[in-house]
Structure formats: structure tokens, C-alpha cells
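Peer 1: Sharing structure23.tsv here; it has TSV, C-alpha atoms and all ligand atoms.
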chain	number	residue	atom	x	y	z
A	1	VAL	CA	14.12	23.67	-25.02
A	2	ASN	CA	11.49	21.07	-25.85
A	3	GLU	CA	14.06	18.98	-27.66
A	4	LEU	CA	16.27	19.04	-24.58
A	5	LYS	CA	13.34	18.06	-22.42
A	6	THR	CA	12.49	15.09	-24.68
A	7	LYS	CA	16.11	14.02	-24.62
A	8	ALA	CA	16.27	14.24	-20.82
A	9	ALA	CA	13.03	12.27	-20.53
A	10	ALA	CA	14.39	9.56	-22.85
A	11	GLN	CA	17.60	9.36	-20.81
A	12	LEU	CA	15.63	9.08	-17.61
A	13	LYS	CA	13.51	6.33	-19.10
A	14	SER	CA	16.54	4.33	-20.26
A	15	ALA	CA	18.13	4.76	-16.82
A	16	LYS	CA	14.93	3.46	-15.27
A	17	ASP	CA	14.76	0.52	-17.69
A	18	LYS	CA	18.25	-0.45	-16.58
A	19	GLU	CA	16.92	-0.88	-13.05
A	20	HIS	CA	14.08	-3.09	-14.23
A	21	PRO	CA	14.79	-6.75	-14.89
A	22	PRO	CA	14.45	-8.01	-18.48
A	23	PRO	CA	11.17	-9.80	-19.36
A	24	PRO	CA	11.20	-13.32	-17.87
A	25	PRO	CA	11.24	-16.46	-20.05
A	26	ASN	CA	7.96	-18.37	-20.59
A	27	ASN	CA	8.93	-20.88	-17.92
A	28	VAL	CA	10.66	-19.91	-14.69
A	29	THR	CA	12.25	-22.56	-12.49
A	30	GLU	CA	12.08	-22.35	-8.72
A	31	PRO	CA	15.10	-24.24	-7.35
A	32	PRO	CA	14.54	-27.07	-4.82
A	33	SER	CA	14.14	-25.93	-1.22
A	34	ALA	CA	13.37	-27.47	2.18
A	35	ASP	CA	9.61	-27.20	1.78
A	36	ARG	CA	9.57	-27.95	-1.94
A	37	ARG	CA	12.22	-30.58	-2.56
A	38	GLU	CA	11.46	-31.03	-6.25
A	39	GLY	CA	11.49	-27.33	-7.02
A	40	ALA	CA	8.75	-26.01	-9.31
A	41	VAL	CA	8.11	-24.50	-12.72
A	42	TYR	CA	6.05	-21.33	-13.13
A	43	GLN	CA	4.44	-20.59	-16.47
A	44	VAL	CA	4.58	-16.86	-17.06
A	45	GLY	CA	1.52	-15.03	-18.39
A	46	LYS	CA	0.80	-11.39	-19.15
A	47	MET	CA	2.56	-8.40	-17.65
A	48	LEU	CA	0.62	-6.78	-14.78
A	49	GLY	CA	2.62	-3.61	-14.29
A	50	LYS	CA	5.96	-1.95	-13.58
A	51	GLY	CA	6.94	-0.26	-10.33
A	52	GLY	CA	10.01	1.71	-9.28
A	53	PHE	CA	12.34	-1.27	-9.75
A	54	ALA	CA	10.04	-4.28	-9.98
A	55	ILE	CA	8.16	-5.74	-12.87
A	56	CYS	CA	5.08	-7.87	-12.28
A	57	TYR	CA	3.74	-10.76	-14.35
A	58	GLU	CA	0.94	-13.23	-13.97
A	59	GLY	CA	2.16	-16.78	-13.36
A	60	LYS	CA	0.93	-20.26	-12.45
A	61	LEU	CA	2.46	-23.57	-11.55
A	62	ALA	CA	2.60	-26.01	-14.48
A	63	GLY	CA	-0.42	-28.31	-14.27
A	64	MET	CA	-2.30	-26.16	-11.74
A	65	SER	CA	-5.01	-23.58	-12.35
A	66	LYS	CA	-4.38	-21.13	-9.46
A	67	ARG	CA	-2.81	-17.94	-10.73
A	68	PHE	CA	-0.28	-15.79	-8.85
A	69	ALA	CA	1.45	-12.46	-9.30
A	70	LEU	CA	5.20	-12.83	-9.87
A	71	LYS	CA	7.03	-9.71	-8.72
A	72	ILE	CA	10.49	-9.72	-10.25
A	73	VAL	CA	13.54	-7.64	-9.33
A	74	LYS	CA	17.19	-7.90	-10.31
A	75	SER	CA	19.21	-9.72	-7.67
A	76	GLN	CA	21.92	-7.05	-7.99
A	77	MET	CA	20.42	-3.68	-7.16
A	78	PRO	CA	21.82	-0.31	-6.16
A	79	ALA	CA	22.44	-0.37	-2.39
A	80	LYS	CA	19.50	1.85	-1.51
A	81	MET	CA	17.02	-0.29	-3.40
A	82	GLU	CA	18.54	-3.45	-1.99
A	83	GLN	CA	17.82	-2.14	1.49
A	84	LYS	CA	14.22	-1.24	0.59
A	85	PHE	CA	13.69	-4.65	-0.97
A	86	GLN	CA	15.11	-6.55	2.00
A	87	THR	CA	12.76	-4.77	4.43
A	88	GLU	CA	9.88	-5.38	2.07
A	89	LEU	CA	10.64	-9.09	1.89
A	90	GLN	CA	11.15	-9.51	5.63
A	91	ILE	CA	8.05	-7.63	6.68
A	92	HIS	CA	5.67	-8.70	3.90
A	93	SER	CA	6.50	-12.40	4.35
A	94	LYS	CA	5.30	-12.24	7.98
A	95	MET	CA	1.90	-10.72	7.16
A	96	ARG	CA	-1.21	-12.85	6.89
A	97	GLN	CA	-4.50	-10.96	6.74
A	98	LYS	CA	-7.36	-10.96	4.25
A	99	ASN	CA	-6.81	-7.35	3.15
A	100	ILE	CA	-3.05	-7.68	2.68
A	101	VAL	CA	-1.66	-9.19	-0.53
A	102	GLN	CA	-0.65	-12.70	0.55
A	103	PHE	CA	3.06	-13.41	0.26
A	104	HIS	CA	3.60	-17.04	-0.84
A	105	ARG	CA	7.34	-17.50	-1.40
A	106	ALA	CA	10.52	-16.01	-2.81
A	107	PHE	CA	13.28	-17.57	-4.90
A	108	THR	CA	16.12	-16.66	-7.25
A	109	PHE	CA	16.27	-17.58	-10.92
A	110	GLU	CA	18.72	-16.28	-13.56
A	111	SER	CA	20.00	-13.32	-11.47
A	112	CYS	CA	16.50	-12.19	-10.55
A	113	THR	CA	14.54	-12.49	-7.32
A	114	TYR	CA	10.95	-13.64	-7.73
A	115	LEU	CA	8.24	-12.95	-5.17
A	116	VAL	CA	5.21	-15.21	-5.56
A	117	LEU	CA	2.23	-13.12	-4.41
A	118	GLU	CA	-1.53	-13.36	-4.32
A	119	LEU	CA	-2.87	-12.16	-7.67
A	120	CYS	CA	-4.89	-8.96	-7.74
A	121	PRO	CA	-6.21	-8.93	-11.29
A	122	ASN	CA	-8.35	-5.77	-11.04
A	123	GLY	CA	-5.63	-3.14	-10.83
A	124	SER	CA	-5.18	-0.59	-8.05
A	125	LEU	CA	-7.72	1.34	-6.01
A	126	MET	CA	-6.28	4.49	-7.58
A	127	ASP	CA	-7.09	3.41	-11.13
A	128	MET	CA	-10.59	2.34	-10.11
A	129	VAL	CA	-11.36	5.56	-8.22
A	130	LYS	CA	-10.05	7.68	-11.14
A	131	ARG	CA	-12.08	5.69	-13.65
A	132	ARG	CA	-15.20	6.10	-11.53
A	133	LYS	CA	-14.45	9.78	-10.66
A	134	GLY	CA	-15.01	9.01	-6.98
A	135	LEU	CA	-16.93	6.27	-5.20
A	136	THR	CA	-20.34	6.34	-3.50
A	137	GLU	CA	-20.44	6.57	0.31
A	138	PRO	CA	-21.50	2.91	0.72
A	139	GLU	CA	-18.49	1.89	-1.42
A	140	VAL	CA	-16.21	4.15	0.65
A	141	ARG	CA	-17.55	2.48	3.84
A	142	PHE	CA	-16.72	-0.93	2.37
A	143	TYR	CA	-13.11	-0.04	1.46
A	144	SER	CA	-12.42	2.06	4.57
A	145	ILE	CA	-13.38	-0.85	6.84
A	146	GLN	CA	-11.17	-3.24	4.87
A	147	ILE	CA	-8.16	-0.90	4.99
A	148	ALA	CA	-8.72	-0.06	8.69
A	149	GLY	CA	-8.76	-3.83	9.41
A	150	ALA	CA	-5.42	-4.30	7.64
A	151	ILE	CA	-3.91	-1.34	9.53
A	152	LYS	CA	-5.14	-2.75	12.85
A	153	TYR	CA	-3.43	-6.06	12.02
A	154	MET	CA	-0.13	-4.43	10.99
A	155	HIS	CA	0.00	-2.20	14.06
A	156	ALA	CA	-0.78	-5.13	16.36
A	157	LYS	CA	2.25	-6.86	14.82
A	158	GLY	CA	4.37	-3.77	15.42
A	159	ILE	CA	4.56	-2.82	11.75
A	160	ILE	CA	4.02	0.70	10.41
A	161	HIS	CA	3.38	0.72	6.66
A	162	ARG	CA	4.37	4.39	6.10
A	163	ASP	CA	3.44	4.43	2.41
A	164	LEU	CA	-0.30	3.75	2.32
A	165	LYS	CA	-1.83	5.21	-0.81
A	166	MET	CA	-4.44	4.21	-3.37
A	167	GLY	CA	-1.72	3.16	-5.86
A	168	ASN	CA	-0.39	0.62	-3.30
A	169	ILE	CA	-3.80	-0.92	-2.66
A	170	PHE	CA	-4.72	-3.57	-5.19
A	171	LEU	CA	-8.05	-5.24	-6.02
A	172	ASP	CA	-8.55	-9.00	-5.98
A	173	LYS	CA	-10.95	-10.86	-8.26
A	174	TYR	CA	-13.89	-10.04	-5.98
A	175	MET	CA	-12.86	-6.35	-5.85
A	176	ASN	CA	-11.64	-6.63	-2.24
A	177	ALA	CA	-8.85	-4.21	-1.28
A	178	LYS	CA	-5.43	-5.73	-0.59
A	179	ILE	CA	-2.51	-3.71	0.69
A	180	GLY	CA	0.67	-4.47	-1.27
A	181	ASP	CA	4.17	-3.02	-1.44
A	182	PHE	CA	5.82	-2.98	1.98
A	183	GLY	CA	8.91	-1.20	0.67
A	184	LEU	CA	8.84	1.62	3.22
A	185	ALA	CA	7.38	-0.33	6.13
A	186	ALA	CA	9.16	-0.32	9.47
A	187	LEU	CA	9.18	-2.28	12.64
A	188	LEU	CA	7.82	-0.32	15.56
A	189	LEU	CA	9.36	-0.97	18.93
A	190	THR	CA	6.57	-1.74	21.36
A	191	GLY	CA	6.04	-3.47	24.68
A	192	LYS	CA	8.73	-6.00	25.38
A	193	ASP	CA	11.18	-4.83	22.69
A	194	MET	CA	10.88	-1.35	24.07
A	195	GLN	CA	11.66	-2.56	27.60
A	196	ILE	CA	14.72	-4.41	26.38
A	197	MET	CA	15.87	-1.38	24.43
A	198	ARG	CA	15.31	0.89	27.44
A	199	ARG	CA	17.27	-1.47	29.65
A	200	THR	CA	20.19	-1.71	27.22
A	201	THR	CA	20.33	1.96	26.25
A	202	LEU	CA	20.14	3.01	29.88
A	203	CYS	CA	23.39	1.14	30.57
A	204	GLY	CA	25.11	3.85	28.54
A	205	THR	CA	24.73	7.60	28.74
A	206	PRO	CA	21.18	8.87	28.35
A	207	ASN	CA	22.43	12.23	27.09
A	208	TYR	CA	21.47	11.46	23.54
A	209	ILE	CA	18.22	9.58	24.13
A	210	ALA	CA	14.91	11.22	23.20
A	211	PRO	CA	12.51	11.55	26.14
A	212	GLU	CA	9.81	9.42	24.50
A	213	ILE	CA	12.21	6.47	24.62
A	214	LEU	CA	12.91	7.00	28.32
A	215	GLU	CA	9.37	7.66	29.47
A	216	LYS	CA	8.00	4.39	30.64
A	217	GLY	CA	4.48	3.60	29.60
A	218	LYS	CA	4.38	6.47	27.15
A	219	LYS	CA	3.63	5.14	23.71
A	220	GLY	CA	5.06	6.81	20.64
A	221	HIS	CA	2.65	7.95	17.96
A	222	ASP	CA	4.73	6.87	14.96
A	223	HIS	CA	2.13	4.36	13.81
A	224	MET	CA	-0.42	7.17	13.49
A	225	VAL	CA	1.15	8.13	10.13
A	226	ASP	CA	-0.92	5.27	8.67
A	227	ILE	CA	-4.14	6.79	10.07
A	228	TRP	CA	-3.27	10.12	8.42
A	229	SER	CA	-2.84	8.24	5.13
A	230	LEU	CA	-6.21	6.54	5.60
A	231	GLY	CA	-7.75	10.01	6.07
A	232	ILE	CA	-6.24	11.08	2.73
A	233	ILE	CA	-7.43	7.85	1.08
A	234	VAL	CA	-11.01	8.34	2.36
A	235	PHE	CA	-11.05	11.93	1.06
A	236	ALA	CA	-9.67	10.77	-2.30
A	237	MET	CA	-12.14	7.88	-2.60
A	238	LEU	CA	-15.00	10.35	-2.09
A	239	THR	CA	-13.75	13.13	-4.36
A	240	SER	CA	-11.24	11.31	-6.64
A	241	LYS	CA	-8.48	13.79	-5.61
A	242	PRO	CA	-6.20	13.93	-2.58
A	243	PRO	CA	-7.06	16.92	-0.34
A	244	PHE	CA	-3.75	18.82	-0.50
A	245	GLN	CA	-2.94	18.32	-4.19
A	246	SER	CA	-0.70	21.13	-5.49
A	247	SER	CA	1.87	21.66	-8.22
A	248	THR	CA	4.87	21.72	-5.85
A	249	THR	CA	5.78	19.46	-2.94
A	250	ASP	CA	6.45	22.52	-0.74
A	251	GLU	CA	2.90	23.68	-1.28
A	252	ILE	CA	1.53	20.20	-0.50
A	253	TYR	CA	3.48	20.21	2.80
A	254	ARG	CA	2.25	23.69	3.64
A	255	ARG	CA	-1.37	22.81	2.95
A	256	ALA	CA	-1.07	19.55	4.94
A	257	ARG	CA	0.47	21.38	7.89
A	258	ASP	CA	-2.31	23.98	7.83
A	259	ARG	CA	-5.01	21.36	7.11
A	260	ASP	CA	-5.85	23.58	4.14
A	261	TYR	CA	-8.36	21.50	2.16
A	262	GLU	CA	-11.83	21.96	0.73
A	263	TRP	CA	-14.64	19.59	-0.04
A	264	PRO	CA	-16.10	20.00	-3.52
A	265	SER	CA	-19.22	22.13	-3.45
A	266	PRO	CA	-22.46	20.28	-4.24
A	267	GLU	CA	-23.39	22.94	-6.84
A	268	THR	CA	-20.30	22.65	-9.01
A	269	SER	CA	-19.53	18.97	-8.59
A	270	GLN	CA	-23.05	17.55	-8.32
A	271	LYS	CA	-21.70	15.46	-5.53
A	272	TYR	CA	-23.23	15.23	-2.10
A	273	ILE	CA	-20.82	14.36	0.68
A	274	SER	CA	-22.35	13.74	4.09
A	275	GLN	CA	-21.35	15.61	7.23
A	276	GLU	CA	-20.45	12.24	8.80
A	277	ALA	CA	-17.92	11.55	6.01
A	278	LYS	CA	-16.39	15.01	6.37
A	279	ASP	CA	-16.16	14.60	10.14
A	280	LEU	CA	-14.50	11.19	9.83
A	281	VAL	CA	-11.78	12.62	7.56
A	282	ALA	CA	-11.24	15.56	9.92
A	283	THR	CA	-10.66	13.22	12.89
A	284	MET	CA	-8.01	11.27	10.98
A	285	LEU	CA	-6.19	14.47	9.93
A	286	GLN	CA	-5.72	15.73	13.50
A	287	ASP	CA	-2.36	15.84	15.28
A	288	ALA	CA	-0.91	12.34	15.72
A	289	ASP	CA	-1.82	11.94	19.38
A	290	LYS	CA	-5.48	12.77	18.66
A	291	ARG	CA	-5.98	10.49	15.64
A	292	PRO	CA	-8.38	7.57	16.24
A	293	ASP	CA	-7.14	3.98	16.15
A	294	PRO	CA	-8.72	1.54	13.65
A	295	ASP	CA	-11.31	0.23	16.16
A	296	THR	CA	-12.46	3.77	16.94
A	297	ILE	CA	-12.57	4.63	13.23
A	298	VAL	CA	-15.03	1.87	12.34
A	299	GLU	CA	-17.31	2.92	15.20
A	300	HIS	CA	-17.66	6.40	13.71
A	301	SER	CA	-21.20	7.48	12.74
A	302	PHE	CA	-20.17	7.52	9.05
A	303	PHE	CA	-20.24	3.71	9.18
A	304	THR	CA	-23.45	3.37	11.16
A	305	SER	CA	-25.46	6.11	9.44
A	306	GLY	CA	-25.80	4.49	6.04
A	307	TYR	CA	-25.76	1.34	3.96
A	308	LEU	CA	-22.76	-0.97	4.22
A	309	PRO	CA	-22.47	-3.20	1.13
A	310	ILE	CA	-21.32	-6.81	1.26
A	311	ALA	CA	-18.58	-8.06	-1.05
A	312	SER	CA	-20.90	-9.38	-3.77
A	313	ASP	CA	-22.68	-5.99	-4.12
A	314	ILE	CA	-19.32	-4.33	-4.67
A	315	SER	CA	-17.96	-6.91	-7.04
A	316	SER	CA	-20.75	-6.79	-9.61
A	317	LYS	CA	-21.00	-3.00	-9.60
A	318	LEU	CA	-17.39	-1.87	-9.65
A	319	ARG	CA	-15.69	-4.26	-11.99
A	320	GLU	CA	-16.71	-2.47	-15.17
A	321	SER	CA	-16.53	1.25	-15.68
A	322	PRO	CA	-19.87	3.01	-15.34
A	323	PRO	CA	-21.92	3.98	-18.38
A	324	GLN	CA	-20.71	7.37	-19.69
A	401	LIG	P1	7.46	-1.33	-6.74
A	401	LIG	O1	7.71	-1.95	-5.39
A	401	LIG	O2	8.65	-1.39	-7.64
A	401	LIG	O3	6.83	0.03	-6.69
A	401	LIG	P2	4.86	-2.50	-7.11
A	401	LIG	O4	4.67	-3.37	-5.94
A	401	LIG	O5	4.15	-1.18	-7.09
A	401	LIG	O6	6.38	-2.28	-7.45
A	401	LIG	O7	4.40	-3.31	-8.38
A	401	LIG	C1	4.47	-2.76	-9.69
A	401	LIG	C2	3.14	-2.96	-10.42
A	401	LIG	O8	2.86	-4.36	-10.53
A	401	LIG	C3	1.95	-2.37	-9.67
A	401	LIG	O9	1.74	-1.04	-10.00
A	401	LIG	C4	0.82	-3.25	-10.16
A	401	LIG	O10	0.36	-2.82	-11.43
A	401	LIG	C5	1.48	-4.60	-10.33
A	401	LIG	N1	1.31	-5.46	-9.14
A	401	LIG	C6	2.04	-5.48	-8.00
A	401	LIG	N2	1.61	-6.41	-7.14
A	401	LIG	C7	0.55	-7.03	-7.73
A	401	LIG	C8	-0.34	-8.10	-7.38
A	401	LIG	N3	-0.22	-8.72	-6.20
A	401	LIG	N4	-1.29	-8.46	-8.26
A	401	LIG	C9	-1.41	-7.82	-9.45
A	401	LIG	N5	-0.62	-6.82	-9.85
A	401	LIG	C10	0.35	-6.42	-9.02
I need this file expressed as C-alpha cells, please.
Ligand code: ADP
Peer 2:
Amino acid sequence: VNELKTKAAAQLKSAKDKEHPPPPPNNVTEPPSADRREGAVYQVGKMLGKGGFAICYEGKLAGMSKRFALKIVKSQMPAKMEQKFQTELQIHSKMRQKNIVQFHRAFTFESCTYLVLELCPNGSLMDMVKRRKGLTEPEVRFYSIQIAGAIKYMHAKGIIHRDLKMGNIFLDKYMNAKIGDFGLAALLLTGKDMQIMRRTTLCGTPNYIAPEILEKGKKGHDHMVDIWSLGIIVFAMLTSKPPFQSSTTDEIYRRARDRDYEWPSPETSQKYISQEAKDLVATMLQDADKRPDPDTIVEHSFFTSGYLPIASDISSKLRESPPQ
């Protein structure tokens, strides 16, 4: 049985490798374009990581010192991935906020698409939280405010991220959080778009139209999925584990539906978690229409009841792993 399992795992790995692009050459040429008539040459540095279908390398323009992340995917992808990548490109390229990985440009070279992104050289929030076995409450305040700010920005632009998790939040050289990977993001219809849609759909038969589309002035709660995710992220930053972790996905769904989670007990974990922190998480894990928006979140007593570090405090303390 074990042999079969190993074989299956190897097959899966080779199938996955087929989706990934081959390692890039040492120099990658960006073809001339309207805003860069001469084109450009990127010198490729070390590999940063592999995702579902992308591979990421460090890179810099020849003769310049600023370093970037080059996210590389094959230009020819299976249809489903192509769709995911197109949304990612379209949405990410329109974002500009200090806690979102900055998108610089995209180009094609040797059958691969290159995204030139802001470099986050300190890995993901997930790796850091695991390494540290949970953060202190001041550190959690620092990151929660940064992530809430990015969510506020996305929602104001009509974007729902839909896949916020610690593994998709990267750390820049100062240890600031930057949301990356917009592969599952979606455009939310709000305000004017919604009016136009209502006007056009109402020309036809309304038999098939959900009431929330027809009800004027009633806002959908779709964007609140990101607030739920922030609730999970805050719990995980404090305890180093997501609240509903289970061995099967069915069980995770069941526990999430029943809000079946427990805070670690101070006796067994030697970890004190304040009532304010627990209350904040509980508000974000309510039903969608009751979840607080980002402005309300940062006014919660968790943020006002204790120390809020500034970036330089965080940077010097978190970069290295703590003494064992
Ligand atoms: P996918 O969309 O295929 O899941 P990701 O966006 O997760 O790919 O990127 C794959 C890996 O590349 C990440 O896990 C991370 O290690 C690294 N990475 C992605 N973006 C950056 C970045 N801006 N700076 C540094 N490393 C990054």
C-alpha cells in the first residue's frame, strides 16, 4: 500500500511540475512597450517559492539596485487556471495600497508571462506565525490594523479578495504585511454598476432574479467573507492555529457553521489571551450581516486597550526567530 502511495505522490508531483514553468534564464528580456520603448533586461536571482502554478524568483533591472519579485507562469495554461490568472492580473494591477503587494508590470518572454511585483523578502505571515508559535497581542494589533486597512481599500474599490489567509500575506523588508495573490478575487457590483444592472435586467423577466438584486438600496453582504477570514487570521496569529482545524473538510465546515472553536487554556498553553481579543474575533465570526466593517474593527477595545507597536519595533523583533 505504501509503495502505491509513494508512486501516486510521485505522479502527482510530476503532474504539478508540468504546470510550473521551467526555471528562467539568468537574464530575462522585457519586450519594448508604449511606456518602455527600449524594453528592459531583468537579472534573475534566487527562487522565492512555488505556488499552485506560478514560480517566483527575485529579479532586478540590469544596472539598478531595486529588487523585485518575478512571478512566472506558462503562457499556455489549462483553461481553468487561465481564467484565474486573468482575473488576478486584471484586479491586482488596479490595486495601489501600502499593505497590498504592489503590481509593477507584466510581460511575456519565451512562452511565459512575467509579473513584476514588489519584493517581500521575509516570507509569508503563516511561516512567521508558525515559527514564533503565535504572536504577542501588540504584534497582532499591528498586523490586524494593516490587513483591515487593505480590506477597506479593496472593498471601497468594489473588490472582494475571497482567499485571505496567512499564506497569501507576505512580509516586506520592514516586516509590514502585504496582501498578495488575487487569484480568487472578484468584482463586487455596487452603487452605479448595480443601478445599471438593475435597469438592464429589469427589461427582461424578473422571474429568475434573486431578491437582493431587485431590492433597491439593499446592499449585499458578499464582501463580508473577507471579514470572516480576518477573524480566522486574528485567531491564528494569537494561537498559531486556525480555529476550526480538523482532519476532514466536512468537519471544518461543520465546526465553522456551529462556531465550534476553543481558545487555548492558559494552564496548558501558558498563553494569556485577553477578553478584548476573544471578543474581537467573535464579532468577526458572526453572520455576514452582523460582521463589523474595517473602520468599526479598528475602533474595537482590543486596539485601544493595549500597546500598539510602530513599524520599527516590529521589524527588529520579528525578523529572526526567537531564542529557543
Ligand atoms: P500561486 O498564485 O500559484 O499560488 P503565489 O502567489 O502563492 O502563487 O506565489 C508562490 C510563492 O512565491 C509564494 O508562496 C511565495 O513564497 C512566493 N511569492 C509570491 N509573491 C511574492 C512576493 N511579492 N515577494 C516574495 N515572494 C513571493
Peer 1: If you count all atoms listed in the file, which residues end up within 6 Å of ligand LIG 401 (chain A), as a PyMOL selection string?
Peer 2: chain A and resi 48-56+69+101+117-121+181
Peer 1: Find the residues around Thr304 (chain A) up to 12 Å (all atoms listed in the file counted), leave out those fewer than 2 positions away in its own chain, and share them as a VMD selection string.
Peer 2: chain A and resid 137 to 138 141 to 142 145 276 to 277 280 297 to 302 306 to 308
Peer 1: Take the residues from that selection and put them in a file with C-alpha atoms, as a PDB file, in the frame of the given file.
Peer 2:
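Wrote selection-v9.pdb, looks like this:
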ATOM      1  CA  GLU A 137     -20.440   6.570   0.310  1.00  0.00           C
ATOM      2  CA  PRO A 138     -21.500   2.910   0.720  1.00  0.00           C
ATOM      3  CA  ARG A 141     -17.550   2.480   3.840  1.00  0.00           C
ATOM      4  CA  PHE A 142     -16.720  -0.930   2.370  1.00  0.00           C
ATOM      5  CA  ILE A 145     -13.380  -0.850   6.840  1.00  0.00           C
ATOM      6  CA  GLU A 276     -20.450  12.240   8.800  1.00  0.00           C
ATOM      7  CA  ALA A 277     -17.920  11.550   6.010  1.00  0.00           C
ATOM      8  CA  LEU A 280     -14.500  11.190   9.830  1.00  0.00           C
ATOM      9  CA  ILE A 297     -12.570   4.630  13.230  1.00  0.00           C
ATOM     10  CA  VAL A 298     -15.030   1.870  12.340  1.00  0.00           C
ATOM     11  CA  GLU A 299     -17.310   2.920  15.200  1.00  0.00           C
ATOM     12  CA  HIS A 300     -17.660   6.400  13.710  1.00  0.00           C
ATOM     13  CA  SER A 301     -21.200   7.480  12.740  1.00  0.00           C
ATOM     14  CA  PHE A 302     -20.170   7.520   9.050  1.00  0.00           C
ATOM     15  CA  GLY A 306     -25.800   4.490   6.040  1.00  0.00           C
ATOM     16  CA  TYR A 307     -25.760   1.340   3.960  1.00  0.00           C
ATOM     17  CA  LEU A 308     -22.760  -0.970   4.220  1.00  0.00           C
TER      18      LEU A 308
END
Peer 1: If we count all atoms listed in the file and set the cut-off at 12 Å, which residues sit around Met154 (chain A), ignoring sequence neighbours fewer than 3 positions away in its own chain? Please answer as number ranges by chain.
Peer 2: A: 91-92, 94-100, 147-151, 157-162, 164, 179, 182, 185-188, 223-224, 226-227, 294
Peer 1: For each of A:Thr113, A:Asp295, A:Arg255, A:Lys130, take the minimum atom-to-atom distance to Glu82 (chain A), counting all atoms listed in the file, then give the residue where this is smallest.
Peer 2: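 For Glu82 (chain A), the nearest of the given residues is A:Thr113.
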Peer 1: Between CA of Asn27 (chain A) and CA of Tyr42 (chain A), what is the spacing in Å?
Peer 2: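 These two atoms are separated by 5.6 Å.
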Peer 1: How many Å lie between CA of Arg36 (chain A) and CA of Gly63 (chain A), rounded to one decimal?
Peer 2: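 Atom-to-atom, CA of Arg36 (chain A) and CA of Gly63 (chain A) are spaced 15.9 Å apart.
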Peer 1: Go ahead and compute the interatomic distance for CA of Glu58 (chain A) and CA of Glu30 (chain A), in Å to one decimal.
Peer 2: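 Calculated distance between CA of Glu58 (chain A) and CA of Glu30 (chain A) is 15.3 Å.
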Peer 1: Hey, which of A:Pro78, A:Gly45, A:Gly134, A:Gly123 ends up closest to Gly180 (chain A)? Count only C-alpha atoms.
Peer 2: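 Closest to Gly180 (chain A), using only C-alpha atoms: A:Gly123.
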Peer 1: Excluding region 287-289 of chain A and any residue of its chain fewer than 3 positions from it, enumerate the residues within 9 Å of it, using all atoms listed in the file, and give them as a VMD selection string.
Peer 2: chain A and resid 220 to 225 227 to 228 284 292
Peer 1: A:Leu89, A:Val234, A:Met175, A:Ile252: which is nearest Val140 (chain A), counting all atoms listed in the file?
Peer 2: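 With all atoms listed in the file as the atom set, the closest residue is A:Val234.
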Peer 1: Nearest to Phe107 (chain A) among A:Lys165, A:Gly39, A:Ala79, A:Arg132, with distances taken over only C-alpha atoms: which residue is it?
Peer 2: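 Nearest to Phe107 (chain A): A:Gly39.
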Peer 1: So for region 18-31 of chain A, what box centre and size do we get, axis-aligned, 4 Å extra on each of the six sides, every listed atom, Å to one decimal, as lines of an AutoDock Vina configuration file?
Peer 2:
center_x = 13.1
center_y = -12.3
center_z = -14.0
size_x = 18.3
size_y = 31.8
size_z = 21.2
